[in-house]
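Below: one structure, written as structure tokens.
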Amino acid sequence: MQLVKGEHIVTDRYVRVLDDEPIPDNVPVIVPAARFLADSEEFMAREAPTGVLWPNNRKVSELEPYIDRLALIALILPTFKDGRAYTQARQLRERYGFRGELRATGDVLRDQFLFLLRSGFDAFEVKKDTDAEAFVAAIKRYSVFYQPTDDGRVSAFSRRLARARMPVATAEKVVGP
């Protein structure tokens, strides 16, 4: 499985640790939600980065006490028809202010990539090598979006509003043609 992050295919530095496995020292880990919640104090005291594998049938509000200390939250997309992870991602970014890595895992399809990106995901576990290449290319494909989100891209409405408020020469420099 390949990991797409930003505009690159990268090596995953995190180790997935199952419920009954020992936690390695000084290694970034991803643990299942139930194990994380059962031993949260132990995980929050670790020196190495900790991530949690969060299913889409749990409320992300359970993570609120740990948001500022988690390095990664991996949200599970069990099937391409199940959109709960999109909502979880928006809530984590916009309501709870999570600024760490937000990873999409499970049934991550290339057709959904831009929607996942716009929902707040910034890393994607991709099963097919060809999909990983398509994800990297899609990041640069669109530069204007109508819906505002918290991904840092300015919406078309905001661009138009900025142009209307500025002198023409200044608006073209700030917002672009």
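Residue numbering restarts at 1 for every chain of the structure tokens, chains are lettered A, B, ... in their displayed order, and ligands are numbered from 1 as they appear.
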
If you run DSSP over the backbone, which residues in range 40-141 of chain A end up alpha helix (DSSP H)? Put them as a PDB file with C-alpha atoms, in the first residue's frame.
ATOM      1  CA  SER A  40      -4.591   6.974  26.569  1.00  0.00           C
ATOM      2  CA  GLU A  41      -2.363   8.167  29.429  1.00  0.00           C
ATOM      3  CA  GLU A  42       0.356   5.721  28.406  1.00  0.00           C
ATOM      4  CA  PHE A  43       0.155   6.803  24.754  1.00  0.00           C
ATOM      5  CA  MET A  44       0.149  10.512  25.569  1.00  0.00           C
ATOM      6  CA  ARG A  84     -19.076   9.380   7.393  1.00  0.00           C
ATOM      7  CA  ALA A  85     -15.293   9.852   7.304  1.00  0.00           C
ATOM      8  CA  TYR A  86     -15.782  13.066   5.298  1.00  0.00           C
ATOM      9  CA  THR A  87     -17.867  14.487   8.146  1.00  0.00           C
ATOM     10  CA  GLN A  88     -15.382  13.266  10.729  1.00  0.00           C
ATOM     11  CA  ALA A  89     -12.552  14.960   8.839  1.00  0.00           C
ATOM     12  CA  ARG A  90     -14.363  18.305   8.645  1.00  0.00           C
ATOM     13  CA  PHE A 113      -9.577  12.092  -3.954  1.00  0.00           C
ATOM     14  CA  LEU A 114     -10.365  15.778  -4.379  1.00  0.00           C
ATOM     15  CA  PHE A 115     -13.427  15.506  -2.145  1.00  0.00           C
ATOM     16  CA  LEU A 116     -11.304  13.865   0.544  1.00  0.00           C
ATOM     17  CA  LEU A 117      -8.652  16.544   0.179  1.00  0.00           C
ATOM     18  CA  ARG A 118     -11.247  19.316   0.441  1.00  0.00           C
ATOM     19  CA  SER A 119     -12.727  17.660   3.546  1.00  0.00           C
ATOM     20  CA  ASP A 129       0.264   2.114  -7.706  1.00  0.00           C
ATOM     21  CA  THR A 130      -1.616   3.737 -10.610  1.00  0.00           C
ATOM     22  CA  ASP A 131      -4.041   5.383  -8.169  1.00  0.00           C
ATOM     23  CA  ALA A 132      -1.145   6.856  -6.217  1.00  0.00           C
ATOM     24  CA  GLU A 133       0.178   8.516  -9.387  1.00  0.00           C
ATOM     25  CA  ALA A 134      -3.335   9.801 -10.180  1.00  0.00           C
ATOM     26  CA  PHE A 135      -3.662  11.293  -6.680  1.00  0.00           C
ATOM     27  CA  VAL A 136      -0.404  13.185  -7.064  1.00  0.00           C
ATOM     28  CA  ALA A 137      -1.525  14.594 -10.441  1.00  0.00           C
ATOM     29  CA  ALA A 138      -4.996  15.543  -9.172  1.00  0.00           C
ATOM     30  CA  ILE A 139      -3.619  17.850  -6.484  1.00  0.00           C
ATOM     31  CA  LYS A 140      -2.513  20.308  -9.175  1.00  0.00           C
ATOM     32  CA  ARG A 141      -5.433  19.813 -11.543  1.00  0.00           C
TER      33      ARG A 141
END

Hey, what's within 9 Å of range 28-39 of chain A if we count only C-alpha atoms and toss same-chain stuff fewer than 5 positions away? As a ChimeraX atom specification, please? /A:13-19,23,44,48-55,58,62-63,71-74

Give me, as a VMD selection string, all polymer residues having an atom no more than 7 Å from Leu77 in chain A, counting only C-alpha atoms and skipping those fewer than 3 positions away in the same chain. chain A and resid 80 82 85 104 to 108

Contacts of Val10 in chain A within 12 Å, only C-alpha atoms, excl. fewer than 6 positions in-chain, as a PyMOL selection string: chain A and resi 1-4+123-126+132-133+136

Grab the residues selected above and save them as a compact mmCIF listing (two decimals), in the first residue's frame with C-alpha atoms.
# COMPACT_ATOMS: atom_id res chain seq x y z
CA MET A 1 0.00 0.00 0.00
CA GLN A 2 1.36 3.41 -0.95
CA LEU A 3 1.03 6.64 1.01
CA VAL A 4 0.31 9.90 -0.82
CA ALA A 123 -2.56 11.85 3.53
CA PHE A 124 -4.03 8.88 1.66
CA GLU A 125 -3.31 5.17 1.83
CA VAL A 126 -3.72 3.94 -1.73
CA ALA A 132 -1.14 6.86 -6.22
CA GLU A 133 0.18 8.52 -9.39
CA VAL A 136 -0.40 13.19 -7.06

Please, what distance in Å, to one decimal, runs between CA of Gly83 in chain A and CA of Asn56 in chain A?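 Result for CA of Gly83 in chain A versus CA of Asn56 in chain A: 8.7 Å, one decimal.
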
Would you work out the distance separating CA of Phe98 in chain A from CA of Pro24 in chain A, expressed in Å to one decimal? 25.0 Å

Run DSSP on the backbone of this structure and report the residues of range 7-170 of chain A it assigns to strand (DSSP E or B), as JSON, numbers by chain. {"A": [8, 9, 10, 15, 16, 29, 30, 31, 32, 50, 51, 52, 53, 54, 72, 73, 74, 75, 76, 77, 101, 102, 103, 104, 105, 106, 123, 124, 125, 126, 145, 155]}

So that I have them on file, write out the residues from the current selection with N, CA, C and O atoms, as a compact mmCIF listing (two decimals), in the first residue's frame.
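Everything below was put into selection-v1.txt:
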# COMPACT_ATOMS: atom_id res chain seq x y z
N HIS A 8 3.39 14.16 -3.16
CA HIS A 8 4.40 13.10 -3.32
C HIS A 8 3.90 11.76 -2.79
O HIS A 8 3.05 11.70 -1.92
N ILE A 9 4.49 10.72 -3.33
CA ILE A 9 4.32 9.38 -2.79
C ILE A 9 5.47 9.21 -1.80
O ILE A 9 6.64 9.38 -2.16
N VAL A 10 5.14 8.91 -0.54
CA VAL A 10 6.15 8.88 0.51
C VAL A 10 6.17 7.53 1.21
O VAL A 10 5.23 6.75 1.10
N VAL A 15 4.23 2.72 12.30
CA VAL A 15 4.04 1.28 12.40
C VAL A 15 2.66 1.03 12.98
O VAL A 15 2.29 1.63 14.00
N ARG A 16 1.88 0.17 12.34
CA ARG A 16 0.56 -0.19 12.88
C ARG A 16 0.74 -1.26 13.94
O ARG A 16 1.34 -2.30 13.70
N VAL A 29 3.78 5.25 16.00
CA VAL A 29 2.83 4.13 15.91
C VAL A 29 1.41 4.64 15.63
O VAL A 29 1.07 5.77 15.94
N ILE A 30 0.63 3.74 15.04
CA ILE A 30 -0.82 3.94 14.87
C ILE A 30 -1.47 2.77 15.60
O ILE A 30 -1.15 1.61 15.33
N VAL A 31 -2.37 3.10 16.53
CA VAL A 31 -3.04 2.06 17.30
C VAL A 31 -4.55 2.14 17.08
O VAL A 31 -5.08 3.21 16.78
N PRO A 32 -5.25 1.03 17.22
CA PRO A 32 -6.71 1.04 17.09
C PRO A 32 -7.37 1.92 18.16
O PRO A 32 -6.82 2.09 19.26
N THR A 50 2.36 9.52 18.18
CA THR A 50 1.30 8.53 18.29
C THR A 50 0.14 8.91 17.38
O THR A 50 -0.25 10.07 17.32
N GLY A 51 -0.38 7.91 16.70
CA GLY A 51 -1.55 8.09 15.86
C GLY A 51 -2.61 7.08 16.25
O GLY A 51 -2.32 6.07 16.88
N VAL A 52 -3.85 7.37 15.86
CA VAL A 52 -4.96 6.49 16.19
C VAL A 52 -5.74 6.14 14.92
O VAL A 52 -5.94 7.00 14.06
N LEU A 53 -6.12 4.88 14.81
CA LEU A 53 -6.93 4.40 13.70
C LEU A 53 -8.39 4.49 14.16
O LEU A 53 -8.81 3.72 15.03
N TRP A 54 -9.13 5.42 13.60
CA TRP A 54 -10.46 5.76 14.10
C TRP A 54 -11.55 5.28 13.14
O TRP A 54 -11.60 5.70 11.99
N LEU A 72 -1.29 11.99 14.46
CA LEU A 72 -1.97 11.46 13.28
C LEU A 72 -3.31 10.86 13.70
O LEU A 72 -3.40 10.22 14.75
N ILE A 73 -4.31 11.09 12.87
CA ILE A 73 -5.59 10.39 13.00
C ILE A 73 -5.89 9.78 11.64
O ILE A 73 -5.95 10.49 10.64
N ALA A 74 -6.03 8.46 11.61
CA ALA A 74 -6.35 7.75 10.38
C ALA A 74 -7.84 7.39 10.42
O ALA A 74 -8.26 6.62 11.29
N LEU A 75 -8.60 7.97 9.52
CA LEU A 75 -10.04 7.70 9.46
C LEU A 75 -10.31 6.61 8.44
O LEU A 75 -9.77 6.64 7.33
N ILE A 76 -11.15 5.68 8.82
CA ILE A 76 -11.41 4.50 7.99
C ILE A 76 -12.60 4.75 7.07
O ILE A 76 -13.67 5.14 7.52
N LEU A 77 -12.40 4.50 5.78
CA LEU A 77 -13.47 4.51 4.79
C LEU A 77 -13.74 3.04 4.45
O LEU A 77 -13.02 2.46 3.63
N GLU A 101 -1.52 15.15 11.03
CA GLU A 101 -1.80 14.42 9.80
C GLU A 101 -3.17 13.76 9.90
O GLU A 101 -3.46 13.05 10.86
N LEU A 102 -4.00 13.98 8.90
CA LEU A 102 -5.32 13.35 8.83
C LEU A 102 -5.29 12.43 7.61
O LEU A 102 -5.24 12.88 6.47
N ARG A 103 -5.29 11.13 7.90
CA ARG A 103 -5.06 10.12 6.87
C ARG A 103 -6.35 9.38 6.51
O ARG A 103 -7.09 8.97 7.39
N ALA A 104 -6.59 9.20 5.22
CA ALA A 104 -7.70 8.38 4.73
C ALA A 104 -7.17 6.97 4.49
O ALA A 104 -6.15 6.79 3.82
N THR A 105 -7.86 5.98 5.05
CA THR A 105 -7.44 4.60 4.88
C THR A 105 -8.67 3.73 4.60
O THR A 105 -9.78 4.11 4.95
N GLY A 106 -8.46 2.61 3.97
CA GLY A 106 -9.58 1.73 3.64
C GLY A 106 -9.87 1.79 2.15
O GLY A 106 -8.96 1.74 1.33
N ALA A 123 -3.33 13.06 3.84
CA ALA A 123 -2.56 11.85 3.53
C ALA A 123 -3.54 10.74 3.16
O ALA A 123 -4.64 10.67 3.71
N PHE A 124 -3.12 9.89 2.21
CA PHE A 124 -4.03 8.88 1.66
C PHE A 124 -3.30 7.57 1.47
O PHE A 124 -2.28 7.53 0.79
N GLU A 125 -3.84 6.51 2.06
CA GLU A 125 -3.31 5.17 1.83
C GLU A 125 -4.00 4.62 0.59
O GLU A 125 -5.21 4.46 0.56
N VAL A 126 -3.20 4.33 -0.43
CA VAL A 126 -3.72 3.94 -1.73
C VAL A 126 -3.27 2.52 -2.04
O VAL A 126 -2.09 2.19 -1.89
N PHE A 145 -12.25 26.49 -6.46
CA PHE A 145 -13.36 25.71 -5.92
C PHE A 145 -14.46 26.66 -5.48
O PHE A 145 -14.20 27.78 -5.05
N SER A 155 -11.98 30.25 -2.07
CA SER A 155 -13.14 29.90 -2.90
C SER A 155 -13.31 30.93 -4.03
O SER A 155 -12.80 32.05 -3.96

So what do you get for CA of Lys5 in chain A versus CA of Arg110 in chain A, distance-wise?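 Straight-line distance from CA of Lys5 in chain A to CA of Arg110 in chain A works out to 14.1 Å.
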